[in-house]
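Listing of entry-v1.txt; format and content: compact mmCIF, C-alpha atoms and all ligand atoms.
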```
# COMPACT_ATOMS: atom_id res chain seq x y z
CA MET N 10 98.24 132.80 98.97
CA THR N 11 101.19 133.60 101.19
CA LYS N 12 102.98 136.90 101.35
CA LYS N 13 106.04 135.34 99.77
CA SER N 14 104.19 134.06 96.73
CA ASP N 15 102.50 137.45 96.40
CA LYS N 16 105.91 139.03 96.16
CA VAL N 17 106.96 136.54 93.49
CA ARG N 18 103.84 137.12 91.39
CA ARG N 19 104.12 140.91 91.57
CA GLY N 20 107.70 140.63 90.43
CA SER N 21 109.84 142.70 92.74
CA PRO N 22 113.51 142.15 91.98
CA SER N 23 115.09 143.52 95.10
CA ILE N 24 118.68 143.66 96.21
CA LYS N 25 117.48 142.74 99.71
CA SER N 26 116.75 139.19 98.62
CA ILE N 27 120.36 138.59 97.50
CA HIS N 28 122.54 136.77 100.00
CA ILE N 29 126.27 136.87 99.36
CA CYS N 30 128.20 134.48 101.61
CA SER N 31 131.39 132.41 101.72
CA ARG N 32 129.71 129.04 102.11
CA LEU N 33 126.38 127.51 101.29
CA PRO N 34 124.05 127.87 104.28
CA ALA N 35 124.83 124.89 106.51
CA SER N 36 122.00 122.54 107.38
CA THR N 37 122.51 119.72 109.80
CA SER N 38 119.07 118.28 109.39
CA ARG N 39 116.34 118.55 106.84
CA SER N 40 114.56 121.83 107.41
CA ASP N 41 111.05 122.78 106.44
CA PHE N 42 112.56 124.59 103.45
CA HIS N 43 114.20 121.36 102.27
CA ARG N 44 110.98 119.41 102.65
CA ARG N 45 108.90 122.03 100.86
CA SER N 46 111.23 122.39 97.86
CA LEU N 47 112.25 120.62 94.72
CA LEU N 48 115.93 121.15 93.94
CA ILE N 49 116.93 121.13 90.28
CA TYR N 50 120.71 120.94 89.97
CA ASP N 51 123.51 120.60 87.44
CA ARG N 52 124.55 116.95 87.72
CA ARG N 53 128.15 117.77 86.75
CA LEU N 54 128.63 119.73 89.96
CA THR N 55 128.70 116.63 92.12
CA GLU N 56 131.74 115.16 90.30
CA GLY N 57 134.50 114.85 92.90
CA ARG N 58 132.68 117.08 95.40
CA PRO N 59 131.34 114.89 98.23
CA LYS N 60 130.43 117.90 100.40
CA LEU N 61 128.26 119.42 97.73
CA ARG N 62 126.71 116.02 97.00
CA ALA N 63 125.79 115.70 100.68
CA TRP N 64 124.28 119.21 100.61
CA ILE N 65 122.19 118.28 97.57
CA GLN N 66 121.01 115.11 99.31
CA LEU N 67 119.46 117.20 102.07
CA PHE N 68 116.65 117.78 99.59
CA PRO N 69 114.38 114.73 99.55
CA LEU N 70 113.00 115.95 96.22
CA ARG N 71 115.67 116.63 93.63
CA TYR N 72 116.16 116.43 89.90
CA GLY N 73 119.61 116.34 88.27
CA VAL N 74 119.99 117.82 84.79
CA ASP N 75 122.78 118.23 82.22
CA ALA N 76 123.55 121.94 81.96
CA GLY N 77 123.91 123.68 78.62
CA GLU N 78 121.81 125.04 75.78
CA GLN N 79 120.18 121.64 75.14
CA LEU N 80 118.61 121.88 78.61
CA LYS N 81 116.74 125.00 77.43
CA ASP N 82 115.56 123.31 74.20
CA LEU N 83 111.77 123.44 73.86
CA ALA N 84 111.71 120.04 72.10
CA ARG N 85 113.06 118.36 75.26
CA TYR N 86 110.97 120.41 77.65
CA PRO N 87 107.86 118.14 77.74
CA LEU N 88 109.94 115.26 79.05
CA HIS N 89 111.54 117.41 81.75
CA ILE N 90 108.28 118.96 82.87
CA GLN N 91 106.63 115.54 83.14
CA LYS N 92 109.41 114.33 85.43
CA ILE N 93 109.33 117.55 87.45
CA LEU N 94 105.54 117.40 87.84
CA SER N 95 105.68 113.79 88.83
CA LYS N 96 108.21 114.53 91.62
CA TRP N 97 106.30 117.66 92.63
CA ASN N 98 103.00 115.82 92.99
CA ARG N 99 104.40 112.64 94.55
CA GLY N 100 106.29 114.76 97.06
CA GLY N 101 103.09 116.54 98.08
CA LEU N 102 104.31 119.98 97.01
CA ASP N 103 101.79 122.70 96.22
CA ARG N 104 101.46 126.35 95.18
CA ASN N 105 103.31 127.52 98.28
CA SER N 106 106.30 125.22 97.72
CA HIS N 107 109.62 126.26 96.15
CA LEU N 108 111.73 125.47 93.16
CA VAL N 109 115.45 125.80 93.86
CA ALA N 110 118.03 125.99 91.06
CA LEU N 111 121.68 125.07 91.65
CA GLY N 112 123.81 125.66 88.56
CA GLY N 113 124.90 128.13 85.93
CA GLY N 114 122.79 130.36 83.69
CA SER N 115 121.27 127.54 81.64
CA VAL N 116 119.95 125.82 84.77
CA GLY N 117 118.75 129.18 86.13
CA ASP N 118 116.90 130.08 82.90
CA PHE N 119 115.30 126.62 82.73
CA VAL N 120 114.25 126.47 86.38
CA ALA N 121 113.04 130.08 86.48
CA PHE N 122 110.91 129.49 83.38
CA THR N 123 109.46 126.39 85.03
CA ALA N 124 108.79 128.24 88.31
CA SER N 125 106.91 130.91 86.37
CA ILE N 126 104.44 128.44 84.87
CA LEU N 127 104.28 125.64 87.46
CA MET N 128 100.95 126.03 89.32
CA ARG N 129 100.86 129.47 87.60
CA GLY N 130 103.94 130.53 89.54
CA VAL N 131 105.79 129.17 92.56
CA ALA N 132 108.54 130.68 94.70
CA LEU N 133 112.00 130.48 93.15
CA THR N 134 115.45 130.38 94.77
CA LEU N 135 118.51 130.66 92.52
CA ILE N 136 121.92 129.42 93.66
CA PRO N 137 124.33 130.35 90.85
CA THR N 138 127.47 128.25 90.39
CA THR N 139 129.13 130.16 87.55
CA TRP N 140 130.35 133.75 87.69
CA LEU N 141 128.12 134.62 84.75
CA ALA N 142 125.08 133.42 86.68
CA ALA N 143 126.21 135.06 89.94
CA LEU N 144 126.90 138.41 88.31
CA ASP N 145 124.28 138.61 85.61
CA SER N 146 121.74 135.92 84.72
CA SER N 147 120.32 135.38 88.23
CA HIS N 148 119.27 139.02 88.43
CA GLY N 149 116.61 140.83 86.49
CA GLY N 150 113.94 138.18 86.23
CA LYS N 151 114.41 137.00 82.64
CA THR N 152 113.67 133.33 82.04
CA ALA N 153 114.22 131.57 78.74
CA LEU N 154 113.89 128.51 76.54
CA ASN N 155 115.40 127.98 73.08
CA VAL N 156 113.40 126.97 70.02
CA GLY N 157 114.95 125.00 67.15
CA GLY N 158 118.49 126.14 67.95
CA MET N 159 117.46 129.80 68.33
CA LYS N 160 118.33 131.11 71.76
CA ASN N 161 115.89 132.57 74.27
CA GLN N 162 112.87 132.70 71.94
CA LEU N 163 110.40 131.85 74.71
CA GLY N 164 110.42 133.34 78.16
CA THR N 165 108.74 135.16 80.99
CA PHE N 166 109.68 137.86 83.47
CA TYR N 167 109.87 136.14 86.82
CA PRO N 168 112.36 137.43 89.40
CA ALA N 169 113.67 134.98 91.96
CA SER N 170 112.35 135.42 95.48
CA LYS N 171 115.87 134.74 96.73
CA VAL N 172 119.38 134.51 95.22
CA ILE N 173 122.10 132.85 97.30
CA ILE N 174 125.65 133.49 96.09
CA ALA N 175 128.23 131.32 97.84
CA LYS N 176 131.90 132.01 97.16
CA GLU N 177 132.87 128.36 97.67
CA LEU N 178 130.87 127.42 94.56
CA LEU N 179 132.48 130.02 92.35
CA ILE N 180 136.20 130.14 93.03
CA ARG N 181 138.07 128.15 90.40
CA SER N 182 140.52 126.43 92.75
CA ALA N 183 137.52 125.08 94.68
CA THR N 184 136.31 123.02 91.77
CA LYS N 185 137.95 120.08 90.07
CA LEU N 186 136.07 120.81 86.88
CA GLN N 187 138.21 122.43 84.20
CA PHE N 188 136.22 125.41 83.08
CA ASP N 189 137.51 128.92 83.07
CA HIS N 190 134.24 130.62 83.76
CA SER N 191 135.74 133.50 85.71
CA GLN N 192 137.69 134.81 82.72
CA ASP N 193 134.52 134.53 80.64
CA ALA N 194 132.43 136.55 83.11
CA LEU N 195 134.78 139.56 82.80
CA GLY N 196 132.86 140.56 79.65
CA GLU N 197 129.71 141.14 81.69
CA LEU N 198 131.64 142.83 84.51
CA PHE N 199 133.28 145.31 82.14
CA LYS N 200 129.93 145.93 80.42
CA ILE N 201 128.15 146.86 83.64
CA SER N 202 131.11 148.92 84.81
CA LEU N 203 131.03 151.02 81.62
CA ILE N 204 127.30 151.60 82.10
CA ASP N 205 127.85 152.53 85.76
CA GLY N 206 130.72 155.00 85.87
CA ASP N 207 131.46 154.56 89.62
CA LEU N 208 132.11 150.86 89.20
CA PHE N 209 134.44 151.63 86.28
CA GLU N 210 136.45 154.05 88.44
CA HIS N 211 136.60 151.45 91.22
CA ILE N 212 138.07 148.86 88.85
CA ALA N 213 140.32 151.24 86.91
CA ARG N 214 141.86 152.66 90.11
CA GLY N 215 142.27 149.29 91.81
CA PRO N 216 145.41 147.13 91.60
CA SER N 217 145.79 145.68 88.11
CA LEU N 218 147.34 142.37 89.09
CA ARG N 219 144.19 140.79 90.44
CA SER N 220 143.12 137.40 89.17
CA SER N 221 139.76 137.32 87.45
CA ASP N 222 138.30 135.38 90.43
CA GLU N 223 139.50 138.04 92.85
CA LEU N 224 138.33 140.94 90.71
CA LEU N 225 134.87 139.37 90.31
CA TRP N 226 134.48 138.60 93.98
CA LEU N 227 135.54 142.10 95.04
CA THR N 228 133.19 143.83 92.60
CA LEU N 229 130.26 141.38 92.66
CA LYS N 230 127.99 143.31 95.00
CA ARG N 231 128.53 146.63 93.23
CA ALA N 232 128.00 145.02 89.82
CA ILE N 233 124.72 143.44 90.94
CA GLU N 234 123.55 146.72 92.48
CA ALA N 235 124.38 148.52 89.23
CA LYS N 236 122.27 146.02 87.27
CA TYR N 237 119.31 146.43 89.66
CA ARG N 238 119.47 150.22 89.37
CA ILE N 239 118.61 149.77 85.69
CA VAL N 240 116.26 146.78 85.98
CA ASP N 241 114.21 148.46 88.72
CA GLN N 242 113.41 151.36 86.38
CA ASP N 243 111.92 148.98 83.83
CA PRO N 244 111.35 145.49 85.31
CA PHE N 245 109.28 144.24 82.35
CA GLU N 246 111.31 145.93 79.63
CA LEU N 247 108.41 148.14 78.58
CA ARG N 248 110.21 151.49 78.49
CA GLY N 249 113.36 150.51 76.66
CA VAL N 250 115.56 151.48 79.66
CA ARG N 251 116.90 147.94 80.07
CA GLN N 252 118.22 147.94 76.53
CA ILE N 253 121.23 149.85 77.86
CA LEU N 254 122.28 146.48 79.34
CA ASN N 255 122.72 145.35 75.76
CA LEU N 256 126.00 147.30 75.51
CA GLY N 257 128.49 145.04 73.68
CA HIS N 258 125.81 142.44 72.98
CA THR N 259 124.46 143.40 69.52
CA PHE N 260 127.73 142.73 67.73
CA GLY N 261 128.76 140.29 70.50
CA HIS N 262 125.90 137.99 69.50
CA VAL N 263 127.08 138.00 65.88
CA ILE N 264 130.57 137.02 67.07
CA GLU N 265 129.19 134.35 69.45
CA ALA N 266 127.03 132.78 66.73
CA HIS N 267 129.74 132.86 64.04
CA TYR N 268 132.84 131.81 65.98
CA GLY N 269 131.13 129.76 68.70
CA TRP N 270 133.07 131.63 71.43
CA GLN N 271 131.82 131.70 75.00
CA HIS N 272 129.23 134.39 75.73
CA GLY N 273 131.39 136.57 78.00
CA ARG N 274 134.33 136.59 75.61
CA SER N 275 131.98 137.47 72.74
CA VAL N 276 130.56 140.32 74.82
CA GLY N 277 134.14 141.49 75.51
CA ALA N 278 134.78 141.60 71.75
CA GLY N 279 131.39 143.30 71.24
CA LEU N 280 132.36 145.94 73.81
CA VAL N 281 135.60 146.68 71.98
CA PHE N 282 133.55 146.99 68.77
CA ALA N 283 131.11 149.42 70.42
CA LEU N 284 133.96 151.47 71.94
CA LYS N 285 135.84 151.76 68.63
CA TRP N 286 132.63 152.74 66.85
CA SER N 287 131.82 155.33 69.52
CA LEU N 288 135.33 156.76 69.12
CA HIS N 289 135.06 156.78 65.32
CA ARG N 290 131.76 158.71 65.51
CA LYS N 291 133.43 161.16 67.94
CA ILE N 292 130.90 160.25 70.64
CA LEU N 293 133.62 158.91 72.94
CA LYS N 294 136.72 161.07 73.48
CA ASN N 295 140.25 159.75 73.09
CA PRO N 296 141.34 160.06 76.76
CA ASP N 297 138.27 158.07 77.94
CA PHE N 298 138.77 155.47 75.21
CA ASN N 299 142.43 155.09 76.23
CA ARG N 300 141.59 154.64 79.92
CA ILE N 301 139.03 151.95 79.13
CA GLU N 302 141.44 150.19 76.76
CA THR N 303 144.17 150.23 79.44
CA MET N 304 141.82 148.76 82.05
CA MET N 305 140.61 146.00 79.71
CA ARG N 306 144.14 145.19 78.48
CA GLN N 307 145.36 144.86 82.08
CA HIS N 308 142.90 142.02 82.45
CA GLU N 309 143.76 140.58 79.03
CA PHE N 310 140.31 141.35 77.76
CA TRP N 311 140.90 143.69 74.84
CA ILE N 312 139.69 141.36 72.11
CA GLU N 313 140.59 142.09 68.48
CA PRO N 314 139.17 140.43 65.32
CA PRO N 315 140.71 137.04 64.45
CA GLN N 316 142.47 136.25 61.15
CA ARG N 317 139.34 135.12 59.33
CA PRO N 318 136.62 137.79 59.24
CA ILE N 319 132.90 137.03 59.01
CA PRO N 320 131.48 136.95 55.45
CA GLN N 321 129.14 139.91 54.88
CA GLY N 322 126.09 137.79 53.98
CA LYS N 323 126.46 135.72 57.13
CA ALA N 324 126.89 138.82 59.32
CA LEU N 325 123.72 140.37 57.87
CA LYS N 326 121.77 137.17 58.47
CA LEU N 327 122.95 137.07 62.08
CA ILE N 328 122.07 140.73 62.64
CA THR N 329 118.54 140.21 61.34
CA VAL N 330 117.74 137.62 64.02
CA ASP N 331 118.67 140.07 66.81
CA LYS N 332 115.78 140.65 69.19
CA LYS N 333 116.62 144.37 69.40
CA LYS N 334 115.96 144.96 65.72
CA ILE N 335 113.24 147.39 64.62
CA GLY N 336 111.41 146.26 61.48
CA SER N 337 113.61 144.65 58.85
CA ARG N 338 116.34 147.25 58.40
CA ARG N 339 117.22 148.94 61.66
CA LEU N 340 118.33 148.02 65.16
CA ARG N 341 119.01 149.71 68.47
CA PHE N 342 122.72 149.98 69.15
CA VAL N 343 124.25 151.05 72.47
CA PHE N 344 127.05 153.63 72.18
CA LEU N 345 129.22 155.00 74.97
CA LYS N 346 129.84 158.71 75.54
CA LYS N 347 132.01 158.12 78.60
CA PRO N 348 132.01 155.58 81.47
CA GLY N 349 128.60 156.01 83.10
CA ALA N 350 126.98 157.48 79.99
CA ALA N 351 125.78 154.84 77.55
CA PHE N 352 122.90 155.63 75.18
CA ILE N 353 120.78 153.89 72.57
CA LYS N 354 120.62 154.96 68.95
CA GLU N 355 118.72 153.47 66.01
CA ILE N 356 121.09 152.32 63.31
CA PRO N 357 120.44 150.84 59.85
CA PHE N 358 121.86 147.30 59.45
CA ASP N 359 124.06 148.52 56.53
CA GLU N 360 125.81 150.98 58.77
CA MET N 361 126.74 148.29 61.27
CA ILE N 362 127.99 146.09 58.42
CA ARG N 363 130.15 148.98 57.12
CA GLU N 364 131.59 149.53 60.59
CA GLY N 365 132.26 145.78 60.87
CA VAL N 366 134.22 145.96 57.62
CA ARG N 367 136.12 149.05 58.81
CA GLN N 368 137.11 147.24 62.02
CA ARG N 369 138.02 144.08 60.03
CA TRP N 370 135.45 141.88 61.69
CA ILE N 371 133.53 141.53 58.42
CA ARG N 372 134.82 140.97 54.88
N1 LIG T 1 118.36 135.22 82.23
C1 LIG T 1 119.29 136.09 81.95
O1 LIG T 1 119.14 137.29 82.20
C2 LIG T 1 120.56 135.64 81.32
C3 LIG T 1 121.64 136.53 81.19
C4 LIG T 1 122.83 136.06 80.65
C5 LIG T 1 122.94 134.74 80.23
N2 LIG T 1 121.87 133.90 80.37
C6 LIG T 1 121.96 132.49 79.95
O2 LIG T 1 122.94 131.84 80.76
C7 LIG T 1 123.49 130.74 80.04
C8 LIG T 1 125.01 130.80 80.14
O3 LIG T 1 125.40 130.80 81.49
P1 LIG T 1 126.47 129.75 82.08
O4 LIG T 1 127.72 129.81 81.28
O5 LIG T 1 126.52 129.94 83.54
O6 LIG T 1 125.69 128.41 81.69
P2 LIG T 1 125.76 126.87 82.02
O7 LIG T 1 124.74 126.56 83.03
O8 LIG T 1 125.58 126.19 80.69
O9 LIG T 1 127.21 126.57 82.57
C9 LIG T 1 128.33 126.46 81.71
C10 LIG T 1 129.15 125.21 82.04
O10 LIG T 1 129.72 125.34 83.33
C11 LIG T 1 129.51 124.18 84.10
N3 LIG T 1 129.50 124.62 85.50
C12 LIG T 1 128.49 125.12 86.22
N4 LIG T 1 128.91 125.46 87.45
C13 LIG T 1 130.24 125.16 87.52
C14 LIG T 1 131.25 125.26 88.52
N5 LIG T 1 131.01 125.76 89.74
N6 LIG T 1 132.49 124.83 88.22
C15 LIG T 1 132.76 124.36 87.01
N7 LIG T 1 131.87 124.22 86.02
C16 LIG T 1 130.62 124.63 86.26
C17 LIG T 1 128.21 123.61 83.57
O11 LIG T 1 128.10 122.22 83.83
C18 LIG T 1 128.32 123.92 82.08
O12 LIG T 1 129.06 122.92 81.43
C19 LIG T 1 122.98 130.87 78.61
O13 LIG T 1 121.96 129.93 78.38
C20 LIG T 1 122.43 132.30 78.54
O14 LIG T 1 121.40 132.42 77.60
C21 LIG T 1 120.70 134.33 80.91
ZN ZN T 2 125.27 138.78 78.37
```
For the file at hand, write its structure as structure tokens.
Amino acid sequence: MTKKSDKVRRGSPSIKSIHICSRLPASTSRSDFHRRSLLIYDRRLTEGRPKLRAWIQLFPLRYGVDAGEQLKDLARYPLHIQKILSKWNRGGLDRNSHLVALGGGSVGDFVAFTASILMRGVALTLIPTTWLAALDSSHGGKTALNVGGMKNQLGTFYPASKVIIAKELLIRSATKLQFDHSQDALGELFKISLIDGDLFEHIARGPSLRSSDELLWLTLKRAIEAKYRIVDQDPFELRGVRQILNLGHTFGHVIEAHYGWQHGRSVGAGLVFALKWSLHRKILKNPDFNRIETMMRQHEFWIEPPQRPIPQGKALKLITVDKKKIGSRRLRFVFLKKPGAAFIKEIPFDEMIREGVRQRWIR
């Protein structure tokens, strides 16, 4: 076993293995790394991007997939793994070879899960192509598959041995694909900034007229570092520390499932819900609440309930499938005292429903 694979098996998510650069590492000829890897990539990325297609073709072993939740569906997994194994074996790869993922969070979750079970664990490189993946899902070692339409029911903890974040893949103007993923990722950026007070101050005191791309790029490193500060305390989620990262997500998941909004936008709405509830319970003080609201409004991310609220029965059903629930009546909710001071409190489902009604999210 090599040192590298040792590191992967022990699970050591380290900021040192993150490479943030403007361009994908250039390769004029096929390196040893290319020959010893299987690249799994989002097929859509090659549309109208000859340079990226050429970069992908440097890998003699590659497997194109359609990104999205269906990629993570357990029912389709046997077919994928057969194709992956067939390429892996025909290409002469072994336990010391690498899986490389090029794509957004769905591709990352799928490839990382595969890396964790292939040959009982092979080295994994993640190359995120969405802001959500660059900022959040590539870090922390969570892998996931969906079962019967339910998200992330199966998974392992398996941190990547390397994460390469290339600006050229992320900036909107650089892609011909119409997908506003930078606006969506602001939900996760604001979440981590509220957990880490210094990052909040950095954003709140910075110029307000930045585009979402610019804001994300300028804060990316700090946001990733802030996530690792929490993940490193509890890499396998055994002590409950990581649940702080769930800020905005408990109610955000209800919103995402009911309205079908993008994840980041749902988290943004979930954050506003958590902030208003924290204020109502007098946990968060008015001046802090107002500063956070101002910062989020400046980036057009203060999300209020839409015209048609969620029926109570449906909201309760959605809350009961939350992975952070305790037994059948309570869940762990993350409140905010001030930027940099989030904390977890057990709450009965009924109380969250009542707050949802008060805030006009639930009828
Ligand atoms: N493992 C974790 O810790 C973690 C954390 C958060 C989210 N996630 C998972 O991440 C997934 C969501 O992430 P996502 O939105 O990145 O997923 P995704 O991979 O489904 O990408 C979303 C869409 O963007 C397209 N796309 C990818 N790169 C692009 C680019 N450069 N330009 C234009 N379009 C591009 C994809 O083809 C796809 O249609 C979910 O499955 C979620 O469960 C995982
Ligand atoms: Zn999230």
Please report as CSV every residue of stretch 148-188 of chain N lying within 6 Å of stretch 131-137 of chain N, along with the nearest atom pair and their distance in Å (one decimal), using all atoms listed in the file.
```
residue,atom,partner,partner_atom,distance
N:Ala169,CA,N:Leu133,CA,4.9
N:Ser170,CA,N:Leu133,CA,5.5
N:Lys171,CA,N:Thr134,CA,4.8
N:Val172,CA,N:Leu135,CA,4.8
N:Ile173,CA,N:Ile136,CA,5.0
```
Two-atom distance - atom P1 of ligand LIG 1 (chain T), atom CA of N:Gly77 (Å):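 Atom CA of N:Gly77 lies at a distance of 7.4 Å from atom P1 of ligand LIG 1 (chain T).
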Nearby polymer residues, ligand ZN 2 (chain T), at most 8 Å, all atoms listed in the file, as an NGL selection string: :N and (145-146 or 196-197 or 255 or 258 or 272-273 or 276)
List every residue of chain N that has an atom at most 7 Å from any atom of ligand LIG 1 (chain T), giving for each one its closest atom pair and the distance in Å to one decimal, counting all atoms listed in the file, sorted by chain and then by ascending residue number, as JSON lines.
```
{"residue": "N:Asp51", "atom": "CA", "partner": "T:LIG1", "partner_atom": "O11", "distance": 6.1}
{"residue": "N:Arg53", "atom": "CA", "partner": "T:LIG1", "partner_atom": "O11", "distance": 5.3}
{"residue": "N:Leu54", "atom": "CA", "partner": "T:LIG1", "partner_atom": "C13", "distance": 6.2}
{"residue": "N:Asp75", "atom": "CA", "partner": "T:LIG1", "partner_atom": "O11", "distance": 6.8}
{"residue": "N:Ala76", "atom": "CA", "partner": "T:LIG1", "partner_atom": "O8", "distance": 4.9}
{"residue": "N:Gly77", "atom": "CA", "partner": "T:LIG1", "partner_atom": "O8", "distance": 3.7}
{"residue": "N:Glu78", "atom": "CA", "partner": "T:LIG1", "partner_atom": "O13", "distance": 5.5}
{"residue": "N:Gly112", "atom": "CA", "partner": "T:LIG1", "partner_atom": "N4", "distance": 5.2}
{"residue": "N:Gly113", "atom": "CA", "partner": "T:LIG1", "partner_atom": "O7", "distance": 3.3}
{"residue": "N:Gly114", "atom": "CA", "partner": "T:LIG1", "partner_atom": "O2", "distance": 3.3}
{"residue": "N:Ser115", "atom": "CA", "partner": "T:LIG1", "partner_atom": "O7", "distance": 3.9}
{"residue": "N:Val116", "atom": "CA", "partner": "T:LIG1", "partner_atom": "O7", "distance": 5.1}
{"residue": "N:Asp118", "atom": "CA", "partner": "T:LIG1", "partner_atom": "N1", "distance": 5.4}
{"residue": "N:Thr138", "atom": "CA", "partner": "T:LIG1", "partner_atom": "N4", "distance": 4.3}
{"residue": "N:Thr139", "atom": "CA", "partner": "T:LIG1", "partner_atom": "N4", "distance": 4.7}
{"residue": "N:Trp140", "atom": "CA", "partner": "T:LIG1", "partner_atom": "O5", "distance": 6.8}
{"residue": "N:Leu141", "atom": "CA", "partner": "T:LIG1", "partner_atom": "O5", "distance": 5.1}
{"residue": "N:Ala142", "atom": "CA", "partner": "T:LIG1", "partner_atom": "O5", "distance": 4.9}
{"residue": "N:Asp145", "atom": "CA", "partner": "T:LIG1", "partner_atom": "C3", "distance": 5.6}
{"residue": "N:Ser146", "atom": "CA", "partner": "T:LIG1", "partner_atom": "C3", "distance": 3.6}
{"residue": "N:Ser147", "atom": "CA", "partner": "T:LIG1", "partner_atom": "N1", "distance": 6.3}
{"residue": "N:His148", "atom": "CA", "partner": "T:LIG1", "partner_atom": "O1", "distance": 6.5}
{"residue": "N:Gly149", "atom": "CA", "partner": "T:LIG1", "partner_atom": "O1", "distance": 6.1}
{"residue": "N:Gly150", "atom": "CA", "partner": "T:LIG1", "partner_atom": "O1", "distance": 6.6}
{"residue": "N:Lys151", "atom": "CA", "partner": "T:LIG1", "partner_atom": "N1", "distance": 4.4}
{"residue": "N:Thr152", "atom": "CA", "partner": "T:LIG1", "partner_atom": "N1", "distance": 5.1}
{"residue": "N:Ala153", "atom": "CA", "partner": "T:LIG1", "partner_atom": "N1", "distance": 6.5}
{"residue": "N:Lys160", "atom": "CA", "partner": "T:LIG1", "partner_atom": "O14", "distance": 6.7}
{"residue": "N:Asn161", "atom": "CA", "partner": "T:LIG1", "partner_atom": "O14", "distance": 6.4}
{"residue": "N:Leu178", "atom": "CA", "partner": "T:LIG1", "partner_atom": "N5", "distance": 5.1}
{"residue": "N:Leu179", "atom": "CA", "partner": "T:LIG1", "partner_atom": "N5", "distance": 5.2}
{"residue": "N:Arg181", "atom": "CA", "partner": "T:LIG1", "partner_atom": "N6", "distance": 6.8}
{"residue": "N:Thr184", "atom": "CA", "partner": "T:LIG1", "partner_atom": "N6", "distance": 5.5}
{"residue": "N:Leu186", "atom": "CA", "partner": "T:LIG1", "partner_atom": "C15", "distance": 4.9}
{"residue": "N:Gln187", "atom": "CA", "partner": "T:LIG1", "partner_atom": "C15", "distance": 6.4}
{"residue": "N:Phe188", "atom": "CA", "partner": "T:LIG1", "partner_atom": "C15", "distance": 5.3}
{"residue": "N:His190", "atom": "CA", "partner": "T:LIG1", "partner_atom": "O10", "distance": 7.0}
```
Å distance separating atom CA of N:Pro348 from atom CA of N:Leu144, one decimal place: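 These atoms are spaced 19.2 Å apart.
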Using all atoms listed in the file: which of N:Arg363, N:Arg338, N:Arg214, N:Lys200 has the shortest distance to N:Thr303: N:Arg214
For atom CA of N:Leu254 and atom CA of N:Met304, the interatomic separation in Å (one decimal): 19.9 Å
Shell around N:Ile292 at 10 Å using all atoms listed in the file, local window under 6 positions removed, as an MDAnalysis selection string: chainID N and resid 284 286 344:347
